[in-house]
>>> print(open('data_28.tsv').read())   # TSV, C-alpha atoms
chain	number	residue	atom	x	y	z
F	30	MET	CA	87.40	110.27	85.13
F	31	GLU	CA	84.50	108.70	87.02
F	32	LEU	CA	85.07	105.46	88.93
F	33	THR	CA	81.62	103.98	88.35
F	34	PRO	CA	81.95	102.97	84.66
F	35	VAL	CA	85.37	101.43	85.34
F	36	ILE	CA	83.92	99.50	88.27
F	37	ASP	CA	81.11	98.27	86.01
F	38	VAL	CA	83.65	96.99	83.47
F	39	ALA	CA	85.73	95.24	86.14
F	40	ARG	CA	82.70	93.55	87.67
F	41	ASP	CA	81.26	92.53	84.29
F	42	PHE	CA	84.42	90.85	83.06
F	43	GLY	CA	85.21	89.43	86.49
F	44	HIS	CA	81.83	87.70	86.55
F	45	ARG	CA	82.41	86.34	83.04
F	46	LEU	CA	85.73	84.83	84.09
F	47	LEU	CA	84.26	83.44	87.29
F	48	HIS	CA	81.38	81.66	85.57
F	49	GLN	CA	83.15	80.61	82.38
F	50	HIS	CA	86.68	79.72	83.47
F	51	TRP	CA	87.06	79.26	87.22
F	52	SER	CA	86.24	76.26	89.37
F	53	PRO	CA	87.78	75.10	92.65
F	54	SER	CA	88.36	71.77	90.90
F	55	ASN	CA	90.54	73.32	88.13
F	56	ARG	CA	93.77	71.34	87.76
F	57	LEU	CA	96.50	71.29	85.10
F	58	THR	CA	99.16	68.64	84.58
F	59	ASP	CA	102.17	70.48	83.13
F	60	ARG	CA	103.47	73.78	81.76
F	61	THR	CA	102.40	73.01	78.20
F	62	ALA	CA	98.80	72.65	79.37
F	63	MET	CA	99.16	75.80	81.48
F	64	ARG	CA	100.38	77.87	78.54
F	65	ALA	CA	97.57	76.63	76.32
F	66	ALA	CA	94.95	77.35	78.98
F	67	ALA	CA	96.44	80.79	79.68
F	68	THR	CA	96.37	81.63	75.96
F	69	ALA	CA	92.72	80.60	75.68
F	70	LEU	CA	91.90	82.63	78.79
F	71	ASP	CA	93.62	85.71	77.38
F	72	GLU	CA	91.91	85.38	74.02
F	73	SER	CA	88.49	85.25	75.70
F	74	ILE	CA	88.89	88.52	77.62
F	75	HIS	CA	91.71	90.72	76.34
F	76	ALA	CA	90.12	92.29	73.25
F	77	PRO	CA	86.62	92.89	74.68
F	78	LEU	CA	87.98	94.28	77.96
F	79	ARG	CA	90.29	96.61	76.08
F	80	ALA	CA	87.43	97.77	73.85
F	81	ALA	CA	85.22	98.48	76.87
F	82	LEU	CA	87.88	100.62	78.58
F	83	SER	CA	88.94	102.35	75.37
F	84	ALA	CA	85.35	103.48	74.91
F	85	LEU	CA	85.55	105.20	78.30
F	86	ARG	CA	88.82	107.01	77.52
F	87	PRO	CA	89.39	107.00	73.74
F	88	GLY	CA	92.53	109.14	73.91
F	89	ALA	CA	94.38	106.98	76.44
F	90	ARG	CA	97.16	104.75	75.18
F	91	TRP	CA	97.86	101.24	76.48
F	92	VAL	CA	100.76	99.64	78.30
F	93	GLU	CA	100.99	96.88	75.75
F	94	GLU	CA	103.41	94.42	77.36
F	95	PRO	CA	102.42	92.59	80.56
F	96	ASP	CA	106.06	92.75	81.71
F	97	GLU	CA	106.59	96.42	80.76
F	98	ARG	CA	109.29	97.93	82.99
F	99	THR	CA	110.22	101.16	81.23
F	100	PRO	CA	109.08	104.73	82.02
F	101	LEU	CA	105.96	105.98	80.23
F	102	ASP	CA	105.65	109.05	78.04
F	103	GLU	CA	103.41	111.94	79.02
F	104	GLY	CA	99.67	111.62	78.52
F	105	GLU	CA	97.17	109.04	79.73
F	106	TRP	CA	97.74	105.29	79.77
F	107	TRP	CA	95.67	102.26	80.69
F	108	ALA	CA	97.73	99.73	82.67
F	109	VAL	CA	95.54	96.64	82.88
F	110	ASP	CA	96.09	93.03	83.88
F	111	ASP	CA	93.12	91.13	82.44
F	112	VAL	CA	93.62	88.19	84.81
F	113	GLU	CA	96.15	89.08	87.48
F	114	GLY	CA	97.07	85.71	88.93
F	115	ALA	CA	95.96	83.54	86.01
F	116	VAL	CA	98.11	80.67	87.32
F	117	ASN	CA	95.92	80.63	90.43
F	118	LEU	CA	92.67	80.66	88.45
F	119	LEU	CA	93.94	77.76	86.35
F	120	HIS	CA	94.73	75.76	89.51
F	121	GLY	CA	91.42	76.38	91.25
F	122	ARG	CA	92.81	78.92	93.72
F	123	PRO	CA	90.86	82.09	94.58
F	124	GLU	CA	93.74	84.59	94.46
F	125	TRP	CA	93.15	86.19	91.07
F	126	CYS	CA	91.60	89.47	90.02
F	127	ILE	CA	91.07	92.08	87.34
F	128	SER	CA	93.46	94.99	87.89
F	129	ILE	CA	92.82	98.32	86.14
F	130	ALA	CA	94.80	101.53	86.48
F	131	LEU	CA	94.62	104.79	84.57
F	132	LEU	CA	97.89	106.74	84.59
F	133	ARG	CA	98.50	110.35	83.73
F	134	ALA	CA	101.95	111.89	83.24
F	135	GLY	CA	103.54	108.67	84.49
F	136	SER	CA	101.58	108.32	87.73
F	137	PRO	CA	98.46	106.29	88.59
F	138	ILE	CA	95.39	108.49	89.09
F	139	LEU	CA	92.62	105.87	89.24
F	140	ALA	CA	92.59	102.22	90.28
F	141	VAL	CA	90.00	99.46	90.36
F	142	VAL	CA	90.80	95.92	91.48
F	143	TYR	CA	88.05	93.31	91.54
F	144	GLU	CA	88.40	89.85	93.12
F	145	PRO	CA	85.52	87.78	91.65
F	146	VAL	CA	85.78	84.72	93.92
F	147	ALA	CA	85.60	86.77	97.12
F	148	ASP	CA	83.41	89.46	95.49
F	149	ARG	CA	85.75	92.14	96.86
F	150	LEU	CA	86.26	95.45	95.12
F	151	PHE	CA	89.10	97.88	95.86
F	152	THR	CA	89.10	101.40	94.44
F	153	ALA	CA	91.24	104.51	94.66
F	154	VAL	CA	91.40	107.95	93.09
F	155	ALA	CA	94.53	110.07	93.54
F	156	GLY	CA	94.02	112.59	96.31
F	157	VAL	CA	90.65	111.17	97.33
F	158	GLY	CA	91.46	107.97	99.24
F	159	ALA	CA	91.13	104.20	98.89
F	160	HIS	CA	88.11	102.05	99.66
F	161	LEU	CA	87.10	98.42	100.01
F	162	HIS	CA	83.58	97.49	98.89
F	163	THR	CA	82.26	94.13	100.17
F	164	PRO	CA	79.52	95.42	99.28
F	165	ALA	CA	79.58	97.81	102.26
F	166	THR	CA	82.16	100.55	101.68
F	167	ALA	CA	85.04	101.06	104.10
F	168	LEU	CA	87.96	103.48	104.02
F	169	LEU	CA	91.27	101.60	103.99
F	170	GLU	CA	93.88	102.10	106.69
F	171	ILE	CA	97.47	100.90	106.76
F	172	SER	CA	99.39	99.22	109.57
F	173	PRO	CA	100.30	101.26	112.66
F	174	LYS	CA	103.61	99.42	113.22
F	175	VAL	CA	106.77	101.48	113.69
F	176	ASP	CA	109.48	98.83	114.25
F	177	PHE	CA	110.84	96.97	111.21
F	178	SER	CA	111.65	93.92	113.32
F	179	ASP	CA	107.90	93.55	114.00
F	180	ALA	CA	106.95	93.83	110.33
F	181	ILE	CA	105.35	91.25	108.04
F	182	ILE	CA	107.16	91.68	104.73
F	183	GLU	CA	105.92	90.41	101.38
F	184	THR	CA	107.24	90.21	97.85
F	185	SER	CA	106.02	88.59	94.66
F	186	GLN	CA	107.55	86.55	91.89
F	187	VAL	CA	106.38	86.94	88.33
F	188	GLY	CA	107.06	83.32	87.48
F	189	ASP	CA	109.37	83.75	84.52
F	190	GLU	CA	112.23	85.81	85.96
F	191	PRO	CA	115.72	85.17	84.61
F	192	GLU	CA	117.88	82.96	86.82
F	193	GLU	CA	119.98	85.90	88.03
F	194	LEU	CA	116.88	87.71	89.31
F	195	GLN	CA	115.54	84.52	90.91
F	196	SER	CA	118.79	84.16	92.83
F	197	ARG	CA	118.68	87.78	93.92
F	198	ILE	CA	115.13	87.39	95.21
F	199	GLY	CA	116.04	84.21	97.08
F	200	ASN	CA	119.11	85.80	98.67
F	201	ALA	CA	117.09	88.87	99.68
F	202	ILE	CA	114.43	86.72	101.36
F	203	GLY	CA	117.13	84.87	103.27
F	204	LYS	CA	118.63	88.11	104.59
F	205	LEU	CA	115.28	89.61	105.55
F	206	MET	CA	114.14	86.55	107.51
F	207	SER	CA	116.44	87.56	110.39
F	208	ARG	CA	115.46	91.23	110.24
F	209	ALA	CA	111.65	91.10	110.30
F	210	LEU	CA	108.86	89.15	111.97
F	211	LEU	CA	107.84	87.25	108.83
F	212	VAL	CA	108.80	87.21	105.15
F	213	ARG	CA	106.38	85.90	102.53
F	214	THR	CA	106.48	85.50	98.77
F	215	THR	CA	103.43	84.89	96.62
F	216	ILE	CA	101.83	85.51	93.26
F	217	PRO	CA	100.23	87.68	91.95
F	218	THR	CA	101.68	91.01	93.01
F	219	THR	CA	98.36	92.74	93.59
F	220	PHE	CA	97.40	90.66	96.64
F	221	PRO	CA	100.39	91.46	98.89
F	222	LEU	CA	100.11	95.13	97.91
F	223	LEU	CA	96.44	95.08	98.95
F	224	ALA	CA	97.52	93.44	102.20
F	225	VAL	CA	99.63	96.53	102.91
F	226	ALA	CA	96.69	98.78	101.95
F	227	THR	CA	94.44	96.99	104.46
F	228	GLY	CA	97.03	96.81	107.26
F	229	ARG	CA	97.31	93.00	107.16
F	230	SER	CA	100.94	93.28	106.05
F	231	ASP	CA	103.44	96.02	106.71
F	232	VAL	CA	105.96	96.13	103.87
F	233	PHE	CA	105.91	95.16	100.20
F	234	TRP	CA	109.03	95.13	98.04
F	235	GLN	CA	109.84	93.90	94.54
F	236	PHE	CA	112.73	93.94	92.12
F	237	ALA	CA	111.94	94.90	88.49
F	238	PRO	CA	108.20	95.50	88.98
F	239	ALA	CA	105.99	95.35	85.89
F	240	THR	CA	103.71	98.36	85.47
F	241	THR	CA	100.53	96.37	84.81
F	242	GLY	CA	101.18	94.28	87.91
F	243	VAL	CA	101.72	97.08	90.41
F	244	ALA	CA	100.16	100.35	89.19
F	245	ALA	CA	96.60	99.83	90.47
F	246	ALA	CA	97.42	98.27	93.85
F	247	THR	CA	100.23	100.74	94.53
F	248	LEU	CA	97.81	103.64	94.13
F	249	ILE	CA	95.34	101.88	96.43
F	250	ALA	CA	98.07	101.41	99.05
F	251	THR	CA	99.34	104.99	98.85
F	252	GLU	CA	95.83	106.41	98.98
F	253	ALA	CA	95.34	104.31	102.13
F	254	GLY	CA	98.31	106.14	103.63
F	255	ALA	CA	101.35	104.15	102.54
F	256	ARG	CA	104.49	105.56	100.95
F	257	ALA	CA	105.83	104.21	97.64
F	258	SER	CA	109.47	104.51	96.59
F	259	ASP	CA	112.21	102.46	95.03
F	260	LEU	CA	114.57	100.60	97.34
F	261	THR	CA	116.87	103.62	97.58
F	262	GLY	CA	114.01	105.73	98.95
F	263	SER	CA	113.40	107.80	95.80
F	264	PRO	CA	109.72	108.32	94.88
F	265	TRP	CA	108.36	105.45	92.80
F	266	ARG	CA	107.16	105.91	89.24
F	267	PRO	CA	106.39	103.26	86.62
F	268	GLY	CA	109.69	102.09	85.13
F	269	ALA	CA	111.62	102.34	88.40
F	270	PRO	CA	114.01	99.40	88.98
F	271	SER	CA	112.36	98.40	92.27
F	272	LEU	CA	109.31	99.09	94.42
F	273	LEU	CA	108.95	99.55	98.18
F	274	VAL	CA	105.56	100.26	99.77
F	275	THR	CA	105.34	100.84	103.52
F	276	PRO	CA	103.61	102.92	106.18
F	277	PRO	CA	105.49	106.24	106.51
F	278	ALA	CA	106.88	105.26	109.92
F	279	LEU	CA	108.47	102.11	108.47
F	280	HIS	CA	109.82	103.64	105.28
F	281	GLU	CA	113.23	104.82	106.50
F	282	PRO	CA	113.85	101.64	108.55
F	283	ALA	CA	112.85	99.53	105.53
F	284	VAL	CA	115.22	101.40	103.20
F	285	LYS	CA	118.06	100.83	105.68
F	286	ALA	CA	117.16	97.18	106.23
F	287	MET	CA	117.09	96.54	102.49
F	288	ALA	CA	120.15	98.54	101.53
F	289	ASP	CA	122.25	95.42	100.84
F	290	LEU	CA	119.69	93.47	98.84
>>> encode(input="data_28.tsv", output="structure tokens")
Amino acid sequence: MELTPVIDVARDFGHRLLHQHWSPSNRLTDRTAMRAAATALDESIHAPLRAALSALRPGARWVEEPDERTPLDEGEWWAVDDVEGAVNLLHGRPEWCISIALLRAGSPILAVVYEPVADRLFTAVAGVGAHLHTPATALLEISPKVDFSDAIIETSQVGDEPEELQSRIGNAIGKLMSRALLVRTTIPTTFPLLAVATGRSDVFWQFAPATTGVAAATLIATEAGARASDLTGSPWRPGAPSLLVTPPALHEPAVKAMADL
């Protein structure tokens, strides 16, 4: 599968969203307005974006649910978040993107993430490496840190987690604050994963990761040199109960530091 046509799709639809839906003055008053705006946003992009990618890979199936957390069958799958970080777009913030991953036999093999506001493009192909295009192209490199206590750690909330999971995330953050240099939480998931891929952060972790939210950026991070597993240290695959992405030197210390989360 060639990267170029997927890049063209990501840029095309990213520019549409940027010019038709985003403004730094965007503001919403309550959740009812947010849901209505998010529905209108989805209706404007979901079907045409899906049609454009399906034309590139007619035999690939789709991860249909945005919060899909179960393992995938064999074959090829598109895992796409049309507007990763829609809540940010709707509030005039720049941290939103189009995230596209193609998976084969349960693993990401191609990833394209486009940030329209910053005009930044991240790409990766399994076994080939990960790149940032701004528009100059640079090979990505992860953090050189080796001590977990020096690490910047990030996680991400989805925004609609059940109360039990919210409490678990909060408790985990509290524990990690005394074990690492800095602990951050943000939304959407793609951005902290890209921070690991570019060496600006050192560790990303998440409970119950959704495939469409992590597949593309996890491939970008691992192709930049990071290691992806669940929190027990077992290799990560879509449907795993947790996700941990770190430089290889920090992986074992991170698994130990997070063993009681």
>>> closest_residue(input="data_28.tsv", among="F:Ile127, F:Leu132, F:Leu47, F:Val284", to="Val232 in chain F", atoms="all atoms listed in the file")
F:Val284
>>> atom_distance(input="data_28.tsv", atom1="CA of Ala130 in chain F", atom2="CA of Leu248 in chain F")
8.5 Å
>>> residues_around(input="data_28.tsv", residues="range 249-258 of chain F", least_positions_apart="3", cutoff="6 Å", atoms="all atoms listed in the file", output="PyMOL selection string")
chain F and resi 153+158-159+169-170+226+246+262-265+272-277
>>> residues_around(input="data_28.tsv", residues="range 32-41 of chain F", least_positions_apart="4", cutoff="9 Å", atoms="all atoms listed in the file", output="list in words")
Arg45, Leu46, Leu78, Ala81, Leu82, Leu85, Ile127, Ser128, Ile129, Leu139, Ala140, Val141, Val142, Tyr143, Glu144, Pro145, Asp148, Leu150, Thr152, Ala153 and Val154 of chain F
>>> residues_around(input="data_28.tsv", residues="Ser136 in chain F", least_positions_apart="6", cutoff="12 Å", atoms="only C-alpha atoms", output="PyMOL selection string")
chain F and resi 100-108+130+154-155+240+243-245+247-248+251+257+264-269
>>> residues_near_point(input="data_28.tsv", point="(116.6, 102.8, 107.8)", cutoff="12 Å", atoms="all atoms listed in the file", output="PyMOL selection string")
chain F and resi 175-178+208+260-262+277-289
>>> atom_distance(input="data_28.tsv", atom1="CA of Glu94 in chain F", atom2="CA of Thr227 in chain F")
28.7 Å
>>> atom_distance(input="data_28.tsv", atom1="CA of Leu118 in chain F", atom2="CA of Pro53 in chain F")
8.5 Å
>>> closest_residue(input="data_28.tsv", among="F:Pro270, F:Gly203, F:Gly121, F:Gly242", to="Thr218 in chain F", atoms="all atoms listed in the file")
F:Gly242
>>> residues_near_point(input="data_28.tsv", point="(104.5, 91.6, 106.1)", cutoff="10 Å", atoms="only C-alpha atoms", output="mmCIF file with C-alpha atoms, in the coordinates of the input")
data_model
loop_
_atom_site.group_PDB
_atom_site.id
_atom_site.type_symbol
_atom_site.label_atom_id
_atom_site.label_comp_id
_atom_site.auth_asym_id
_atom_site.auth_seq_id
_atom_site.Cartn_x
_atom_site.Cartn_y
_atom_site.Cartn_z
ATOM 1 C CA SER F 172 99.390 99.220 109.570
ATOM 2 C CA PHE F 177 110.840 96.970 111.210
ATOM 3 C CA ASP F 179 107.900 93.550 114.000
ATOM 4 C CA ALA F 180 106.950 93.830 110.330
ATOM 5 C CA ILE F 181 105.350 91.250 108.040
ATOM 6 C CA ILE F 182 107.160 91.680 104.730
ATOM 7 C CA GLU F 183 105.920 90.410 101.380
ATOM 8 C CA THR F 184 107.240 90.210 97.850
ATOM 9 C CA ALA F 209 111.650 91.100 110.300
ATOM 10 C CA LEU F 210 108.860 89.150 111.970
ATOM 11 C CA LEU F 211 107.840 87.250 108.830
ATOM 12 C CA VAL F 212 108.800 87.210 105.150
ATOM 13 C CA ARG F 213 106.380 85.900 102.530
ATOM 14 C CA THR F 214 106.480 85.500 98.770
ATOM 15 C CA PRO F 221 100.390 91.460 98.890
ATOM 16 C CA LEU F 222 100.110 95.130 97.910
ATOM 17 C CA ALA F 224 97.520 93.440 102.200
ATOM 18 C CA VAL F 225 99.630 96.530 102.910
ATOM 19 C CA GLY F 228 97.030 96.810 107.260
ATOM 20 C CA ARG F 229 97.310 93.000 107.160
ATOM 21 C CA SER F 230 100.940 93.280 106.050
ATOM 22 C CA ASP F 231 103.440 96.020 106.710
ATOM 23 C CA VAL F 232 105.960 96.130 103.870
ATOM 24 C CA PHE F 233 105.910 95.160 100.200
ATOM 25 C CA TRP F 234 109.030 95.130 98.040
ATOM 26 C CA THR F 275 105.340 100.840 103.520
#
